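Note: the block below is final00.csv and it holds CSV, C-alpha atoms and all ligand atoms.
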chain,number,residue,atom,x,y,z
A,1,MET,CA,-11.7,15.0,-2.4
A,2,GLN,CA,-10.1,16.8,-5.4
A,3,GLU,CA,-8.2,19.0,-2.9
A,4,ILE,CA,-6.9,15.9,-1.2
A,5,ILE,CA,-5.8,14.4,-4.5
A,6,LYS,CA,-4.1,17.6,-5.6
A,7,THR,CA,-2.3,17.7,-2.2
A,8,ILE,CA,-1.0,14.2,-2.7
A,9,GLU,CA,0.3,15.2,-6.2
A,10,LYS,CA,2.3,17.9,-4.5
A,11,ILE,CA,3.5,15.6,-1.8
A,12,ALA,CA,4.6,13.0,-4.4
A,13,VAL,CA,6.8,15.5,-6.2
A,14,LYS,CA,8.4,16.7,-3.0
A,15,ILE,CA,9.1,13.2,-1.6
A,16,SER,CA,10.5,12.1,-5.0
A,17,ASP,CA,13.0,15.0,-4.9
A,18,GLU,CA,14.0,14.1,-1.4
A,19,LEU,CA,14.6,10.5,-2.4
A,20,LYS,CA,17.0,11.6,-5.1
A,21,TYR,CA,19.4,13.6,-2.9
A,22,ALA,CA,18.6,13.3,0.9
A,23,ASP,CA,20.7,11.5,3.5
A,24,LEU,CA,20.0,7.8,3.7
A,25,GLY,CA,20.9,7.2,7.4
A,26,TYR,CA,18.9,5.9,10.3
A,27,THR,CA,17.5,8.0,13.2
A,28,ASP,CA,17.8,6.7,16.7
A,29,HIS,CA,14.0,6.2,17.0
A,30,ALA,CA,11.7,3.2,16.4
A,31,ASN,CA,8.1,3.7,15.1
A,32,ALA,CA,4.9,2.2,16.6
A,33,THR,CA,5.6,-1.2,14.9
A,34,GLY,CA,9.2,-1.3,16.2
A,35,ASP,CA,11.1,-0.5,12.9
A,36,THR,CA,14.0,1.9,13.3
A,37,GLN,CA,13.0,5.0,11.4
A,38,LEU,CA,15.1,6.1,8.5
A,39,LYS,CA,15.7,9.9,8.2
A,40,LEU,CA,13.8,9.6,4.9
A,41,ASP,CA,10.7,8.0,6.7
A,42,VAL,CA,10.6,11.0,9.0
A,43,LYS,CA,11.2,13.5,6.2
A,44,SER,CA,8.5,12.0,4.1
A,45,ASP,CA,6.1,12.1,7.1
A,46,ASN,CA,6.9,15.7,7.8
A,47,ILE,CA,6.3,16.7,4.1
A,48,ILE,CA,2.9,15.0,4.3
A,49,THR,CA,1.9,16.5,7.6
A,50,LYS,CA,2.9,20.0,6.4
A,51,GLU,CA,1.0,19.8,3.2
A,52,PHE,CA,-2.2,18.5,4.8
A,53,ASP,CA,-2.1,21.2,7.4
A,54,GLY,CA,-3.6,23.5,4.8
A,55,VAL,CA,-6.5,21.1,3.9
A,56,SER,CA,-9.5,21.9,6.0
A,57,SER,CA,-11.5,18.9,4.9
A,58,VAL,CA,-9.0,16.6,6.8
A,59,ARG,CA,-9.7,16.1,10.5
A,60,LEU,CA,-7.1,13.4,11.4
A,61,LEU,CA,-3.8,12.1,10.1
A,62,ILE,CA,-2.8,8.6,10.9
A,63,SER,CA,0.8,7.7,9.9
A,64,GLU,CA,3.0,4.7,10.1
A,65,GLU,CA,5.6,7.0,11.6
A,66,LYS,CA,3.3,8.6,14.3
A,67,GLU,CA,2.4,6.7,17.5
A,68,GLU,CA,-1.0,8.4,17.7
A,69,ALA,CA,-3.5,10.0,15.3
A,70,LEU,CA,-2.9,13.7,14.8
A,71,LYS,CA,-5.9,16.0,14.8
A,72,ILE,CA,-5.4,18.9,12.3
A,73,HIS,CA,-8.9,20.4,11.6
A,74,ASP,CA,-11.8,19.9,14.1
A,75,SER,CA,-14.5,20.2,11.4
A,76,GLY,CA,-12.9,18.1,8.6
A,77,LYS,CA,-14.8,15.0,7.5
A,78,TYR,CA,-11.9,13.0,6.2
A,79,ILE,CA,-9.2,10.9,8.0
A,80,VAL,CA,-6.1,10.3,5.9
A,81,ALA,CA,-4.2,7.2,7.0
A,82,TYR,CA,-0.8,6.8,5.2
A,83,ASP,CA,2.5,5.0,4.9
A,84,PRO,CA,4.8,7.9,4.0
A,85,LEU,CA,7.5,5.8,2.5
A,86,ASP,CA,6.8,2.1,1.8
A,87,GLY,CA,9.9,0.0,1.2
A,88,SER,CA,12.1,2.7,2.7
A,89,SER,CA,14.9,0.2,3.5
A,90,LEU,CA,15.3,-0.4,-0.2
A,91,VAL,CA,16.2,3.2,-1.1
A,92,ASP,CA,19.9,2.4,-0.4
A,93,VAL,CA,19.8,-0.2,-3.1
A,94,ASN,CA,18.0,2.2,-5.4
A,95,PHE,CA,14.8,0.1,-5.8
A,96,ALA,CA,11.4,1.6,-6.5
A,97,VAL,CA,9.5,2.6,-3.3
A,98,GLY,CA,6.2,4.3,-2.7
A,99,SER,CA,3.7,6.1,-0.5
A,100,ILE,CA,0.2,4.8,0.3
A,101,PHE,CA,-2.9,6.8,1.3
A,102,GLY,CA,-6.3,5.6,2.6
A,103,ILE,CA,-9.0,8.3,2.8
A,104,TYR,CA,-11.8,7.4,5.2
A,105,GLU,CA,-15.0,9.4,5.7
A,106,ASN,CA,-15.9,10.3,9.3
A,107,GLU,CA,-14.6,7.2,11.1
A,108,LEU,CA,-11.7,4.9,10.8
A,109,LYS,CA,-13.5,1.7,9.7
A,110,PRO,CA,-13.1,-0.5,6.6
A,111,SER,CA,-16.5,0.4,5.2
A,112,ASN,CA,-15.7,4.1,5.4
A,113,LEU,CA,-12.8,3.9,3.1
A,114,VAL,CA,-13.8,6.2,0.2
A,115,ALA,CA,-10.6,6.5,-1.8
A,116,ALA,CA,-7.1,4.9,-2.0
A,117,ILE,CA,-4.1,6.5,-3.7
A,118,TYR,CA,-0.5,5.3,-4.0
A,119,CYS,CA,2.6,6.9,-5.5
A,120,VAL,CA,5.5,4.9,-7.0
A,121,TYR,CA,8.9,6.5,-7.0
A,122,GLY,CA,10.7,4.5,-9.7
A,123,PRO,CA,12.4,5.5,-12.9
A,124,ARG,CA,9.1,7.4,-13.5
A,125,LEU,CA,6.8,9.1,-10.9
A,126,GLU,CA,3.4,7.4,-11.1
A,127,MET,CA,0.3,7.6,-9.0
A,128,VAL,CA,-2.7,5.3,-8.9
A,129,VAL,CA,-5.9,7.1,-7.8
A,130,CYS,CA,-9.0,5.1,-7.0
A,131,THR,CA,-12.4,6.4,-6.0
A,132,GLU,CA,-14.6,4.3,-8.3
A,133,THR,CA,-12.0,2.3,-10.3
A,134,PRO,CA,-8.2,2.6,-10.3
A,135,LYS,CA,-6.6,5.1,-12.7
A,136,LEU,CA,-2.9,5.4,-13.6
A,137,TYR,CA,-1.3,8.8,-13.8
A,138,ARG,CA,2.3,9.7,-14.7
A,139,LEU,CA,4.3,12.9,-14.1
A,140,ASP,CA,5.2,14.5,-17.4
A,141,ARG,CA,8.2,16.8,-18.3
A,142,GLU,CA,6.1,19.9,-17.6
A,143,GLY,CA,5.5,18.7,-14.0
A,144,SER,CA,1.9,17.7,-14.2
A,145,PHE,CA,0.3,14.3,-13.7
A,146,LYS,CA,-1.2,13.0,-17.0
A,147,PHE,CA,-3.9,10.3,-17.1
A,148,ILE,CA,-2.4,7.1,-18.7
A,149,LYS,CA,-5.1,4.4,-18.4
A,150,ASP,CA,-7.7,2.6,-16.4
A,151,LEU,CA,-6.3,-0.5,-14.5
A,152,ASN,CA,-8.1,-3.9,-14.6
A,153,LEU,CA,-7.0,-7.3,-13.4
A,154,LYS,CA,-7.5,-10.3,-15.7
A,155,GLU,CA,-9.2,-13.4,-14.4
A,156,LYS,CA,-5.9,-15.1,-13.8
A,157,GLY,CA,-2.3,-13.9,-13.8
A,158,LYS,CA,1.3,-15.2,-14.0
A,159,LEU,CA,3.1,-13.5,-11.1
A,160,ASN,CA,3.6,-14.7,-7.6
A,161,ALA,CA,4.9,-12.2,-5.0
A,162,THR,CA,5.3,-14.0,-1.7
A,163,GLY,CA,6.4,-12.4,1.5
A,164,GLY,CA,7.3,-13.2,5.1
A,165,THR,CA,10.0,-15.5,6.6
A,166,GLN,CA,9.6,-18.8,4.7
A,167,LYS,CA,10.8,-20.9,7.6
A,168,GLY,CA,7.9,-19.5,9.6
A,169,TRP,CA,5.2,-20.4,7.0
A,170,SER,CA,2.5,-22.9,7.7
A,171,ASP,CA,2.7,-26.2,5.8
A,172,GLU,CA,-0.7,-25.2,4.2
A,173,HIS,CA,0.7,-21.9,2.9
A,174,ARG,CA,3.9,-23.6,1.7
A,175,ALA,CA,1.9,-26.1,-0.3
A,176,PHE,CA,-0.4,-23.4,-1.8
A,177,ILE,CA,2.6,-21.3,-3.0
A,178,LYS,CA,4.4,-24.3,-4.4
A,179,GLY,CA,1.2,-25.2,-6.2
A,180,LEU,CA,1.2,-21.9,-8.0
A,181,PHE,CA,4.9,-22.2,-9.0
A,182,ASP,CA,4.2,-25.8,-10.2
A,183,GLU,CA,1.4,-24.3,-12.4
A,184,GLY,CA,4.0,-22.0,-14.0
A,185,TYR,CA,3.8,-18.8,-12.0
A,186,ARG,CA,6.9,-16.7,-11.9
A,187,LEU,CA,8.4,-15.2,-8.7
A,188,ARG,CA,8.4,-11.4,-8.4
A,189,TYR,CA,9.1,-9.9,-5.0
A,190,SER,CA,11.2,-6.8,-4.3
A,191,GLY,CA,10.2,-6.1,-0.6
A,192,ALA,CA,8.2,-3.0,-1.3
A,193,MET,CA,4.5,-3.8,-1.4
A,194,VAL,CA,3.8,-0.7,-3.5
A,195,SER,CA,6.1,-1.8,-6.2
A,196,ASP,CA,5.2,-5.5,-6.0
A,197,LEU,CA,1.4,-4.8,-6.1
A,198,HIS,CA,1.9,-2.2,-8.8
A,199,GLN,CA,3.7,-4.7,-11.0
A,200,ILE,CA,1.0,-7.3,-10.6
A,201,LEU,CA,-1.8,-4.8,-11.3
A,202,LEU,CA,-0.1,-3.4,-14.4
A,203,LYS,CA,0.8,-6.8,-15.7
A,204,GLY,CA,-2.8,-7.8,-15.4
A,205,GLY,CA,-2.8,-10.3,-12.5
A,206,GLY,CA,-1.2,-12.8,-10.1
A,207,LEU,CA,-0.9,-13.0,-6.3
A,208,PHE,CA,0.7,-10.9,-3.6
A,209,SER,CA,0.7,-12.6,-0.2
A,210,TYR,CA,2.0,-11.7,3.2
A,211,PRO,CA,0.7,-14.6,5.4
A,212,ALA,CA,0.7,-15.2,9.1
A,213,THR,CA,4.1,-16.7,10.1
A,214,SER,CA,5.3,-18.3,13.3
A,215,ASP,CA,7.4,-15.1,14.0
A,216,ALA,CA,4.5,-12.8,13.0
A,217,PRO,CA,1.2,-14.6,13.7
A,218,HIS,CA,-0.8,-11.5,12.8
A,219,GLY,CA,1.2,-10.8,9.7
A,220,LYS,CA,3.3,-7.7,9.2
A,221,LEU,CA,1.4,-5.3,7.0
A,222,ARG,CA,-0.7,-2.6,8.6
A,223,VAL,CA,-4.5,-2.6,8.0
A,224,SER,CA,-5.4,1.1,7.9
A,225,PHE,CA,-2.6,2.5,5.7
A,226,GLU,CA,-1.2,-0.5,3.8
A,227,VAL,CA,-3.7,-3.3,3.5
A,228,LEU,CA,-7.1,-1.7,3.1
A,229,PRO,CA,-6.0,0.9,0.5
A,230,PHE,CA,-4.6,-1.9,-1.7
A,231,ALA,CA,-7.6,-4.1,-1.0
A,232,PHE,CA,-9.8,-1.2,-2.2
A,233,ILE,CA,-7.8,-0.9,-5.4
A,234,TYR,CA,-7.5,-4.6,-6.2
A,235,GLU,CA,-11.2,-5.3,-5.6
A,236,ARG,CA,-12.2,-2.3,-7.8
A,237,ALA,CA,-9.8,-3.5,-10.5
A,238,GLY,CA,-11.8,-6.7,-10.6
A,239,GLY,CA,-9.7,-8.8,-8.3
A,240,LEU,CA,-10.3,-10.3,-4.9
A,241,THR,CA,-8.7,-10.1,-1.4
A,242,THR,CA,-8.7,-12.2,1.8
A,243,ASP,CA,-6.9,-12.6,5.1
A,244,GLY,CA,-6.6,-16.3,4.2
A,245,ASN,CA,-10.1,-17.2,5.4
A,246,SER,CA,-12.4,-14.2,4.8
A,247,LYS,CA,-14.2,-13.4,1.6
A,248,SER,CA,-12.6,-9.9,1.6
A,249,LEU,CA,-10.1,-8.0,3.6
A,250,PHE,CA,-12.9,-5.5,4.2
A,251,GLU,CA,-14.4,-8.0,6.7
A,252,ILE,CA,-11.7,-7.2,9.2
A,253,LYS,CA,-12.5,-5.4,12.5
A,254,LEU,CA,-10.2,-2.4,12.8
A,255,GLU,CA,-9.5,-1.9,16.5
A,256,LYS,CA,-6.0,-0.2,16.6
A,257,ILE,CA,-4.4,2.2,14.2
A,258,HIS,CA,-1.2,0.1,13.8
A,259,GLN,CA,-3.1,-3.2,13.7
A,260,THR,CA,-1.6,-5.8,11.3
A,261,THR,CA,-3.2,-8.7,9.4
A,262,PRO,CA,-2.2,-11.6,7.1
A,263,CYS,CA,-3.2,-10.5,3.6
A,264,PHE,CA,-3.6,-11.8,0.1
A,265,PHE,CA,-4.4,-9.7,-3.0
A,266,GLY,CA,-4.9,-11.2,-6.4
A,267,SER,CA,-6.9,-11.9,-9.5
A,268,LYS,CA,-10.0,-14.0,-9.1
A,269,TYR,CA,-8.4,-17.3,-10.0
A,270,GLU,CA,-5.6,-17.2,-7.4
A,271,ILE,CA,-7.7,-16.0,-4.5
A,272,ASN,CA,-10.5,-18.6,-5.3
A,273,LYS,CA,-7.9,-21.3,-5.5
A,274,LEU,CA,-6.6,-20.3,-2.1
A,275,LEU,CA,-10.1,-20.3,-0.5
A,276,GLU,CA,-11.0,-23.6,-2.2
A,277,SER,CA,-7.8,-25.2,-0.8
A,278,LYS,CA,-9.1,-24.7,2.8
A,301,LIG,P1,7.7,-0.2,5.3
A,301,LIG,O1,9.0,0.1,4.5
A,301,LIG,O2,6.7,0.8,5.1
A,301,LIG,O3,8.0,-0.6,6.7
A,301,LIG,O4,7.0,-1.5,4.6
A,301,LIG,C1,7.8,-2.6,4.2
A,301,LIG,C2,6.8,-3.7,4.0
A,301,LIG,C3,6.2,-3.9,2.7
A,301,LIG,O5,6.4,-2.9,1.8
A,301,LIG,C4,6.8,-5.2,2.2
A,301,LIG,O6,6.0,-5.9,1.3
A,301,LIG,C5,7.2,-5.9,3.4
A,301,LIG,O7,7.4,-4.9,4.4
A,301,LIG,C6,8.5,-6.7,3.2
A,301,LIG,O8,8.7,-7.5,4.3
A,301,LIG,P2,9.5,-8.8,4.3
A,301,LIG,O9,10.9,-8.4,4.1
A,301,LIG,O10,9.3,-9.4,5.6
A,301,LIG,O11,9.0,-9.7,3.2
A,302,MN,MN,5.0,-0.1,4.2
A,303,MN,MN,6.8,3.0,5.6
Show me, as structure tokens, the structure contained in the file I just sent.
Ligand code: AHG
Ligand code: MN
Ligand code: MN
Amino acid sequence: MQEIIKTIEKIAVKISDELKYADLGYTDHANATGDTQLKLDVKSDNIITKEFDGVSSVRLLISEEKEEALKIHDSGKYIVAYDPLDGSSLVDVNFAVGSIFGIYENELKPSNLVAAIYCVYGPRLEMVVCTETPKLYRLDREGSFKFIKDLNLKEKGKLNATGGTQKGWSDEHRAFIKGLFDEGYRLRYSGAMVSDLHQILLKGGGLFSYPATSDAPHGKLRVSFEVLPFAFIYERAGGLTTDGNSKSLFEIKLEKIHQTTPCFFGSKYEINKLLESK
């Protein structure tokens, strides 16, 4: 596992350099979920593939930008599922974006997720690494990641990050979100889940939601490399997660590598309020 974490540190520095200077244009390809790939999505994916090629404990790579799983080492016990560049369409407006990694042991199923890591490319380069509990690291001037602090969610937060096309929301979801704003919650939503979830986690709590909508009845966010890594981190920070009905996002049955799900991540108060409103 240490080798995987060190590899992700190297990857983060390389992607962060590319983000500063590389070409922002689109390719003429769409990925498995139908998004037109940016040159930076492909570049980031290539950096990750190349770095993991030297890590013999990794058997399979599953990427947002690859149609199929890629076998790299027959005898490796880990599967690394990743979103090479989350929020990539926001690089042109110079917003913070990220990379997300879920590390599964032996088989791609929720209960086999053993570590979750994400990187935030903002004014600073930060990484959150979670095996037992989430820990924040930041790149220093000398080029190494320094431990900053342990991350914990409070019982109740103040932020409400709410995604999806609002005209496609259910009446029930609309009423729930309005209820939080009526209680005094503040809107925070950039359109990069890494940055939005990082903000809520660092500010101590709140809710991030990406519900089912009429145009995306199974939600938008991908289970293996977006949803479960963050569910792992939020639950281990003392928060809760749900697909809107379940007691945890870990109850989901993972059948396809690019499967999506509605998802809610938050402190205890907001998720319990959602489940009690049913
Ligand atoms: P990606 O750039 O990897 O495709 O992910 C974008 C995702 C996620 O980061 C974000 O929360 C969501 O898309 C935003 O979607 P909406 O614009 O529909 O809210
Ligand atoms: Mn993403
Ligand atoms: Mn992406």
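The nearest approach to Asn46 (chain A) among the residues A:Lys14, A:Arg124, A:Lys109, A:His173, with all atoms listed in the file taken into account, belongs to A:Lys14.
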All residues 6 Å or closer to region 157-172 of chain A, only C-alpha atoms, same chain fewer than 2 positions away omitted, as a ChimeraX atom specification:
/A:174-175,185-189,205-210,213-214
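Considering only C-alpha atoms and all ligand atoms, every residue of the polymer chains approaching ligand MN 303 (chain A) to 6 Å or closer is listed here: Asp83, Pro84, Leu85 and Asp86 of chain A.
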Which residues are near ligand MN 302 (chain A) - at most 12 Å, using only C-alpha atoms and all ligand atoms? Format: as a PyMOL selection string.
chain A and resi 31+33+35+37+41+63-65+82-90+97-101+118+191-197+220-227+229-230+258+260
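CA of Asn106 (chain A) is positioned 16.4 Å from CA of Lys253 (chain A).
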Leaving out Asp53 (chain A) and any residue of its chain fewer than 4 positions from it, which residues lie within 12 Å of it when counting all atoms listed in the file, given as a CSV table (one decimal) with C-alpha atoms, keeping the file's coordinate frame?
chain,number,residue,atom,x,y,z
A,4,ILE,CA,-6.9,15.9,-1.2
A,7,THR,CA,-2.3,17.7,-2.2
A,46,ASN,CA,6.9,15.7,7.8
A,47,ILE,CA,6.3,16.7,4.1
A,48,ILE,CA,2.9,15.0,4.3
A,49,THR,CA,1.9,16.5,7.6
A,57,SER,CA,-11.5,18.9,4.9
A,58,VAL,CA,-9.0,16.6,6.8
A,59,ARG,CA,-9.7,16.1,10.5
A,60,LEU,CA,-7.1,13.4,11.4
A,61,LEU,CA,-3.8,12.1,10.1
A,70,LEU,CA,-2.9,13.7,14.8
A,71,LYS,CA,-5.9,16.0,14.8
A,72,ILE,CA,-5.4,18.9,12.3
A,73,HIS,CA,-8.9,20.4,11.6
A,74,ASP,CA,-11.8,19.9,14.1
A,76,GLY,CA,-12.9,18.1,8.6
A,80,VAL,CA,-6.1,10.3,5.9
Just give me the gap between CA of Val55 (chain A) and atom O6 of ligand LIG 301 (chain A) in Å, one decimal is fine.
29.9 Å
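Non-sequential neighbours of Lys135 (chain A) (distance at most 6 Å, separation of 5 or more positions within a chain, all atoms listed in the file) are Val128, Val129, Lys149, Asp150 and Leu151 of chain A.
The space separating CA of Leu113 (chain A) from CA of Pro134 (chain A) comes to 14.2 Å.
Considering the residues A:Pro262, A:Pro217, A:Gly143, A:Gly179 and counting all atoms listed in the file, Ala12 (chain A) has its shortest atom-to-atom contact with A:Gly143.
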Test item: residues at most 6 Å from Val114 (chain A), only C-alpha atoms, excluding those fewer than 2 positions along its chain, as an MDAnalysis selection string
chainID A and resid 103:104 112
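Residues in contact with Phe147 (chain A) at 9 Å, where only C-alpha atoms are counted and same-chain residues fewer than 5 positions away are skipped, are listed as Lys135, Leu136, Tyr137 and Arg138 of chain A.
Comparing the minimum interatomic distances between Phe95 (chain A) and each of A:Ser56, A:Gln2, A:Ser144, A:Ser190, counting only C-alpha atoms, we find that A:Ser190 sits nearest.
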Go through A:Val42, A:Ile5, A:Leu24, A:Cys263 one by one, measure the shortest atom-to-atom distance of each to Gly219 (chain A) using all atoms listed in the file, and give the residue with the smallest value.
A:Cys263
